[in-house]
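Worksheet: the structure to be examined is printed underneath.
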Amino acid sequence: MGKPLVVLDNVSYQYDSQEDFALKNVSMKVYEGEWLAIVGHNGSGKSTLAKLLNGLQFPTEGSISINGITLSEDTVWDVRRQVGMVFQNPDNQFVGTTVQDDVAFGLENNGVPAKVMGERVVDALSRVNMESFLDQEPHHLSGGQKQRVAIAGVLALRPSIIILDEATSMLDPRGREEVIETIMKLQQEESITVISITHDLEEAARANRILVLNKGEIYREGTPEEIFQMDEELVRLGLDIPFPVKMSKQLSEKGVVLSKYYLTEEELVAELWTSHSKM
Amino acid sequence: MMEKMIFGRYVPAESILHRMDPRSKLIIVFLFVCVVFLANNLWTYAILTIYTFLMAGLSKIPPRFLIGGLKPVLWLVLFTFFLHLFLTKEGELIFELGWLKIYEGGLRQGIFISMRFFLLILVTSLLTLTTTPIEITDGLEHLMGPLKRLKFPVHELALMMSISLRFIPTLMQETDKIMKAQTARGVEYTSGPVKDRLKAIVPLLIPLFISSFKRAEELAVAMEARGYRGGEGRTKYRQLHWAAADTLMILLLAAVTVLLILFRG
């Protein structure tokens with residue numbers, strides 16, 4: 001792993017109207033080029049964490065530094081240029097009247113000269129396979145397409161980190177797959193650092209590392225394989241174990257020997273249909 | 001269907017009017033609205049009509065679109081015609097039927113005023129037929145630029161306009177969805193007494209309002225996350241290009257104005 005890009009040091013956050021802390025003493029690091037999934041049940045503090053990383057809120061205690069910049073009121077605009085964010089609702093983050101206007105919105109905000117903008121808009125859209133939709137209006141796009149445009153809007157700014165705040169939770173299965181594929185491609189081929197905040201463990205299974213949040217505290221941290229070993233514990237935290245993991249576990253209970261817990265259906269199916277010939 | 005009412009206005013085509021800078025089109029429409037009042041006799045109205053039809057021809061918009069745009073205001077034109085016809089009591093009496101008296105001046109006034117109306121509507125609809133709403137917004141933002149010095153929130157106003165334009169179809173889709181949901185619960189929108197139908201609007205509007213506020217809040221957060229901090233230091237993606245044709249078109253209108261002044265009685 002590369003150098004740490006995001007460093008949280010003992011961060012706590014309390015909403016004004018509430019007694020309990022939404023986040024308590026969270027310390028963590030996100031390394032360059034990795035995909036970190038932050039999972040947790042509703043109210044685990046994961047969305048608060050996302051807002052803190054982008055300076056939409058500031059920690060009550062502790063400090064956050066992003067790519068060497070300590071987050072504060074003065075540096076917040078520099079940080080926002082480094083950290084791109086994709087939100088949950090595809091409609092409510094689409095500002096432009098057409099796809100290209102929307103991708104250009106962030107560039108306009110940052111005062112990028114008009115001559116450079118056109119190029120960067122097309123480039124960003126082609127990286128999410130949406131370059132043929134330049135003049136399309138948002139209401140003619142599917143949820144997955146709108147989210148890919150939102151990702152392009154973030155990419156156009158050339159950030160070092162992309163945060164997905166439940167970005168797939170309002171999509172249909174196909175849209176979700178489109179978005180996850182896009183993110184995987186960006187992370188693997190362009191080594192963009194991804195932080196995905198989700199309660200969908202199938203999405204988290206694609207990450208390099210998973211961080212489980214519970215009641216505002218870090219509950220566990222590890223690779224997807226390690227996290228899914230927790231099994232019943234995850235269910236108790238209000239998280240749903242992905243189907244292939246559940247399946248492999250039940251198969252091994254029935255005496256079918258599998259080499260490991262599988263995270264994706266394809267891997268599991270591949271093991272199953274070749275297992276007989278190995279016996 | 002409702003979408004067509006608002007967005008069906010723009011008709012894409014390859015014409016000089018389509019290629020023109022929205023700024024020059026806005027200036028021309030604004031000037032035309034003033035210039036129309038110079039006309040006061042047959043000659044001047046003829047000049048204006050020729051100019052308007054020339055523009056309509058240059059736009060390459062099929063006539064049915066032009067007529068379609070005129071339909072909703074046709075009754076207004078007719079209303080002003082009859083108003084002047086019956087109420088202006090000038091010149092010779094040309095027709096009398098009981099209490100109904102029509103004077104020559106009334107007929108003249110009626111024709112001229114409704115003609116003026118007709119030309120105004122035709123020219124303004126040429127603007128919306130050849131210019132996308134977003135171009136009009138951009139043009140207005142540029143033209144109102146000098147008002148910034150007077151602390152007039154020009155950029156904010158333009159952004160508000162473009163965001164409204166962007167959300168109209170989204171809110172329409174949502175209205176449709178809520179309507180279906182309420183219909184499924186037994187609310188009737190299309191039949192029953194008017195009073196009941198009006199009442200049925202309430203369970204449609206309230207969810208729509210609530211969700212709009214939620215949308216607005218989320219949009220504001222998303223905009224902030226994308227680095228939006230007002231018009232200061234912002235660049236524009238869409239650049240406007242003032243071409244020779246734009247200057248020529250304005251000169252043409254200026255020539256028309258000179259003719260109008262010369263020929264008016």
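Letters for chains follow the order of the structure tokens (A, B, ...), residue numbers begin at 1 for each chain, and ligand numbers begin at 1 in the order shown.
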
Exercise. Which residues, written as a ChimeraX atom specification, have at least one atom at most 12 Å from A:Tyr15, with only C-alpha atoms counted and residues fewer than 2 positions away on the same chain left out?
Worked result: /A:12-13,17-23,45,48,57-60

For this session: Starting from chain A, keep only residues with some atom at most 8 Å from an atom of chain B, counting only C-alpha atoms, and report them as an MDAnalysis selection string.
Result: chainID A and resid 54 56 77 80:81 84:85 87 91:97 101 104:114 117:118 138:139 154

Problem set entry | Test item: residues at most 8 Å from B:Leu26, only C-alpha atoms, excluding those fewer than 4 positions along its chain, as number ranges by chain | B: 22, 30, 127, 136, 139-140

Problem set entry | DSSP helix (DSSP H, G or I) selection over stretch 48-262 of chain A, as an MDAnalysis selection string | chainID A and resid 48:53 76:82 91:93 99:109 114:127 131:133 138:140 143:155 173:189 201:204 224:228 232:236 243:253

Could you write out that same residue set with C-alpha atoms as a compact mmCIF listing (two decimals), in the first residue's frame?
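selection-v4.txt, freshly written:
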```txt
# COMPACT_ATOMS: atom_id res chain seq x y z
CA THR A 48 -21.38 11.66 9.53
CA LEU A 49 -17.91 10.34 8.80
CA ALA A 50 -18.42 11.03 5.07
CA LYS A 51 -19.47 14.61 5.76
CA LEU A 52 -16.45 15.16 7.98
CA LEU A 53 -14.07 13.96 5.28
CA VAL A 76 -11.85 23.40 3.38
CA TRP A 77 -11.95 24.52 -0.27
CA ASP A 78 -8.55 22.99 -0.97
CA VAL A 79 -9.69 19.78 0.66
CA ARG A 80 -12.89 19.70 -1.40
CA ARG A 81 -10.82 19.86 -4.55
CA GLN A 82 -8.97 16.72 -3.37
CA ASP A 91 -31.49 13.32 -8.91
CA ASN A 92 -30.63 15.63 -6.07
CA GLN A 93 -27.00 16.06 -7.04
CA VAL A 99 -24.92 15.88 -18.84
CA GLN A 100 -22.02 18.08 -20.00
CA ASP A 101 -23.24 21.10 -18.04
CA ASP A 102 -23.42 18.99 -14.92
CA VAL A 103 -19.90 17.61 -15.31
CA ALA A 104 -18.67 21.15 -15.92
CA PHE A 105 -20.34 22.49 -12.77
CA GLY A 106 -17.47 21.57 -10.45
CA LEU A 107 -14.93 22.91 -12.96
CA GLU A 108 -16.79 26.22 -13.20
CA ASN A 109 -16.82 26.48 -9.42
CA ALA A 114 -13.37 27.61 -20.48
CA LYS A 115 -10.86 26.38 -23.07
CA VAL A 116 -9.63 23.55 -20.87
CA MET A 117 -13.09 22.66 -19.62
CA GLY A 118 -14.47 21.10 -22.80
CA GLU A 119 -11.59 18.64 -22.98
CA ARG A 120 -11.84 17.68 -19.33
CA VAL A 121 -15.60 17.18 -19.51
CA VAL A 122 -15.32 14.78 -22.45
CA ASP A 123 -12.37 12.99 -20.88
CA ALA A 124 -14.17 12.50 -17.56
CA LEU A 125 -17.32 11.25 -19.29
CA SER A 126 -15.40 8.75 -21.40
CA ARG A 127 -13.84 7.31 -18.26
CA GLU A 131 -19.34 10.21 -23.55
CA SER A 132 -22.19 9.58 -25.97
CA PHE A 133 -24.69 11.29 -23.66
CA PRO A 138 -31.15 14.23 -16.67
CA HIS A 139 -34.76 13.04 -16.79
CA HIS A 140 -33.93 10.85 -19.75
CA GLY A 143 -30.37 6.13 -11.99
CA GLY A 144 -27.15 4.26 -12.74
CA GLN A 145 -26.34 6.63 -15.60
CA LYS A 146 -26.96 9.68 -13.42
CA GLN A 147 -24.63 8.28 -10.77
CA ARG A 148 -21.96 7.69 -13.43
CA VAL A 149 -22.37 11.30 -14.53
CA ALA A 150 -21.94 12.31 -10.90
CA ILE A 151 -18.72 10.26 -10.79
CA ALA A 152 -17.56 11.99 -13.99
CA GLY A 153 -18.30 15.35 -12.39
CA VAL A 154 -15.98 14.35 -9.57
CA LEU A 155 -13.31 12.92 -11.90
CA PRO A 173 -29.56 -4.05 -9.45
CA ARG A 174 -28.36 -3.22 -12.94
CA GLY A 175 -27.61 0.40 -12.09
CA ARG A 176 -25.77 -0.74 -8.98
CA GLU A 177 -23.63 -3.12 -11.02
CA GLU A 178 -22.83 -0.34 -13.54
CA VAL A 179 -21.67 1.98 -10.80
CA ILE A 180 -19.64 -0.65 -8.95
CA GLU A 181 -17.96 -1.77 -12.20
CA THR A 182 -17.07 1.84 -12.97
CA ILE A 183 -15.59 2.35 -9.54
CA MET A 184 -13.63 -0.89 -9.74
CA LYS A 185 -12.19 0.11 -13.09
CA LEU A 186 -11.16 3.53 -11.82
CA GLN A 187 -9.57 2.14 -8.71
CA GLN A 188 -7.71 -0.69 -10.43
CA GLU A 189 -6.67 1.01 -13.67
CA LEU A 201 -21.97 -5.91 2.09
CA GLU A 202 -21.98 -7.20 -1.50
CA GLU A 203 -20.59 -3.82 -2.52
CA ALA A 204 -18.17 -3.85 0.40
CA PRO A 224 -13.42 -8.65 3.27
CA GLU A 225 -12.47 -12.30 3.99
CA GLU A 226 -11.65 -11.49 7.57
CA ILE A 227 -14.77 -9.40 8.08
CA PHE A 228 -17.09 -12.05 6.68
CA GLU A 232 -23.48 -13.95 13.05
CA GLU A 233 -21.82 -11.00 14.67
CA LEU A 234 -22.42 -8.95 11.50
CA VAL A 235 -26.08 -9.90 11.52
CA ARG A 236 -26.29 -8.71 15.11
CA PHE A 243 -25.50 -14.45 -0.46
CA PRO A 244 -22.35 -16.24 -1.73
CA VAL A 245 -20.79 -16.02 1.73
CA LYS A 246 -23.93 -17.38 3.35
CA MET A 247 -24.12 -20.11 0.75
CA SER A 248 -20.51 -21.21 1.17
CA LYS A 249 -20.96 -21.30 4.90
CA GLN A 250 -24.08 -23.44 4.72
CA LEU A 251 -22.45 -25.71 2.17
CA SER A 252 -19.52 -26.32 4.44
CA GLU A 253 -21.92 -27.05 7.31
```

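Using only C-alpha atoms, the contacts of B:Leu120 at a cut-off of 9 Å, with sequence neighbours closer than 4 positions omitted, comprise B:Val29, B:Phe32, B:Val33, B:Val36, B:Thr52, B:Met115, B:Arg116, B:Thr124, B:Ser125.
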
Suppose we keep N, CA and C atoms; can you now write the selection as an mmCIF file, in the first residue's frame?
```
data_model
loop_
_atom_site.group_PDB
_atom_site.id
_atom_site.type_symbol
_atom_site.label_atom_id
_atom_site.label_comp_id
_atom_site.auth_asym_id
_atom_site.auth_seq_id
_atom_site.Cartn_x
_atom_site.Cartn_y
_atom_site.Cartn_z
ATOM 1 N N VAL B 29 -35.404 41.568 -29.432
ATOM 2 C CA VAL B 29 -36.795 41.438 -28.975
ATOM 3 C C VAL B 29 -37.163 42.635 -28.098
ATOM 4 N N PHE B 32 -37.595 45.629 -30.261
ATOM 5 C CA PHE B 32 -38.794 45.487 -31.088
ATOM 6 C C PHE B 32 -40.040 45.859 -30.289
ATOM 7 N N VAL B 33 -40.070 45.395 -29.029
ATOM 8 C CA VAL B 33 -41.215 45.690 -28.169
ATOM 9 C C VAL B 33 -41.409 47.213 -28.047
ATOM 10 N N VAL B 36 -42.368 48.822 -31.808
ATOM 11 C CA VAL B 36 -43.723 48.548 -32.273
ATOM 12 C C VAL B 36 -44.646 49.746 -32.020
ATOM 13 N N THR B 52 -41.282 41.336 -39.573
ATOM 14 C CA THR B 52 -41.617 40.163 -38.768
ATOM 15 C C THR B 52 -41.668 38.897 -39.615
ATOM 16 N N MET B 115 -53.098 43.991 -34.531
ATOM 17 C CA MET B 115 -51.938 43.701 -35.373
ATOM 18 C C MET B 115 -50.656 43.855 -34.541
ATOM 19 N N ARG B 116 -50.617 44.925 -33.759
ATOM 20 C CA ARG B 116 -49.458 45.189 -32.907
ATOM 21 C C ARG B 116 -49.237 44.004 -31.950
ATOM 22 N N THR B 124 -41.714 37.472 -30.102
ATOM 23 C CA THR B 124 -41.244 36.847 -28.856
ATOM 24 C C THR B 124 -41.263 35.331 -28.977
ATOM 25 N N SER B 125 -42.257 34.773 -29.687
ATOM 26 C CA SER B 125 -42.225 33.314 -29.797
ATOM 27 C C SER B 125 -41.122 32.857 -30.722
#
```

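Counting only C-alpha atoms and comparing B:Val154, B:Tyr51, B:Thr128, B:Asp176, the residue that lies closest to B:His18 is B:Thr128.
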
Problem set entry | Of the listed residues B:Phe209, B:Cys34, B:Val77, B:His142, that which approaches B:Trp242 most closely, counting only C-alpha atoms | B:His142

For this session: Using DSSP on the backbone coordinates, identify all residues within stretch 13-205 of chain B classified as strand (DSSP E or B); present the result as a PyMOL selection string.
Result: chain B and resi 93-97+100-103

Would you mind exporting the chosen residues as a PDB file, in the first residue's frame, restricted to C-alpha atoms?
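Result file is result.pdb:
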```pdb
ATOM      1  CA  LEU B  93     -70.160  56.205 -38.352  1.00  0.00           C
ATOM      2  CA  ILE B  94     -69.953  53.233 -40.692  1.00  0.00           C
ATOM      3  CA  PHE B  95     -72.343  50.728 -39.156  1.00  0.00           C
ATOM      4  CA  GLU B  96     -75.300  50.938 -36.833  1.00  0.00           C
ATOM      5  CA  LEU B  97     -77.516  48.220 -35.423  1.00  0.00           C
ATOM      6  CA  LEU B 100     -74.354  49.014 -31.525  1.00  0.00           C
ATOM      7  CA  LYS B 101     -72.426  51.733 -33.300  1.00  0.00           C
ATOM      8  CA  ILE B 102     -69.155  51.150 -35.134  1.00  0.00           C
ATOM      9  CA  TYR B 103     -67.058  54.119 -36.165  1.00  0.00           C
TER      10      TYR B 103
END
```

For this session: Find the residues around B:Thr190 up to 10 Å (only C-alpha atoms counted), leave out those fewer than 4 positions away in its own chain, and share them as a PyMOL selection string.
Result: chain B and resi 194+197+200

Kindly export the residues of the current selection with C-alpha atoms, as a PDB file, in the first residue's frame.
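again27.pdb, freshly written:
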```pdb
ATOM      1  CA  VAL B 194     -65.185  20.804  -8.977  1.00  0.00           C
ATOM      2  CA  ARG B 197     -61.461  17.862  -7.429  1.00  0.00           C
ATOM      3  CA  ALA B 200     -57.960  16.317  -4.202  1.00  0.00           C
TER       4      ALA B 200
END
```
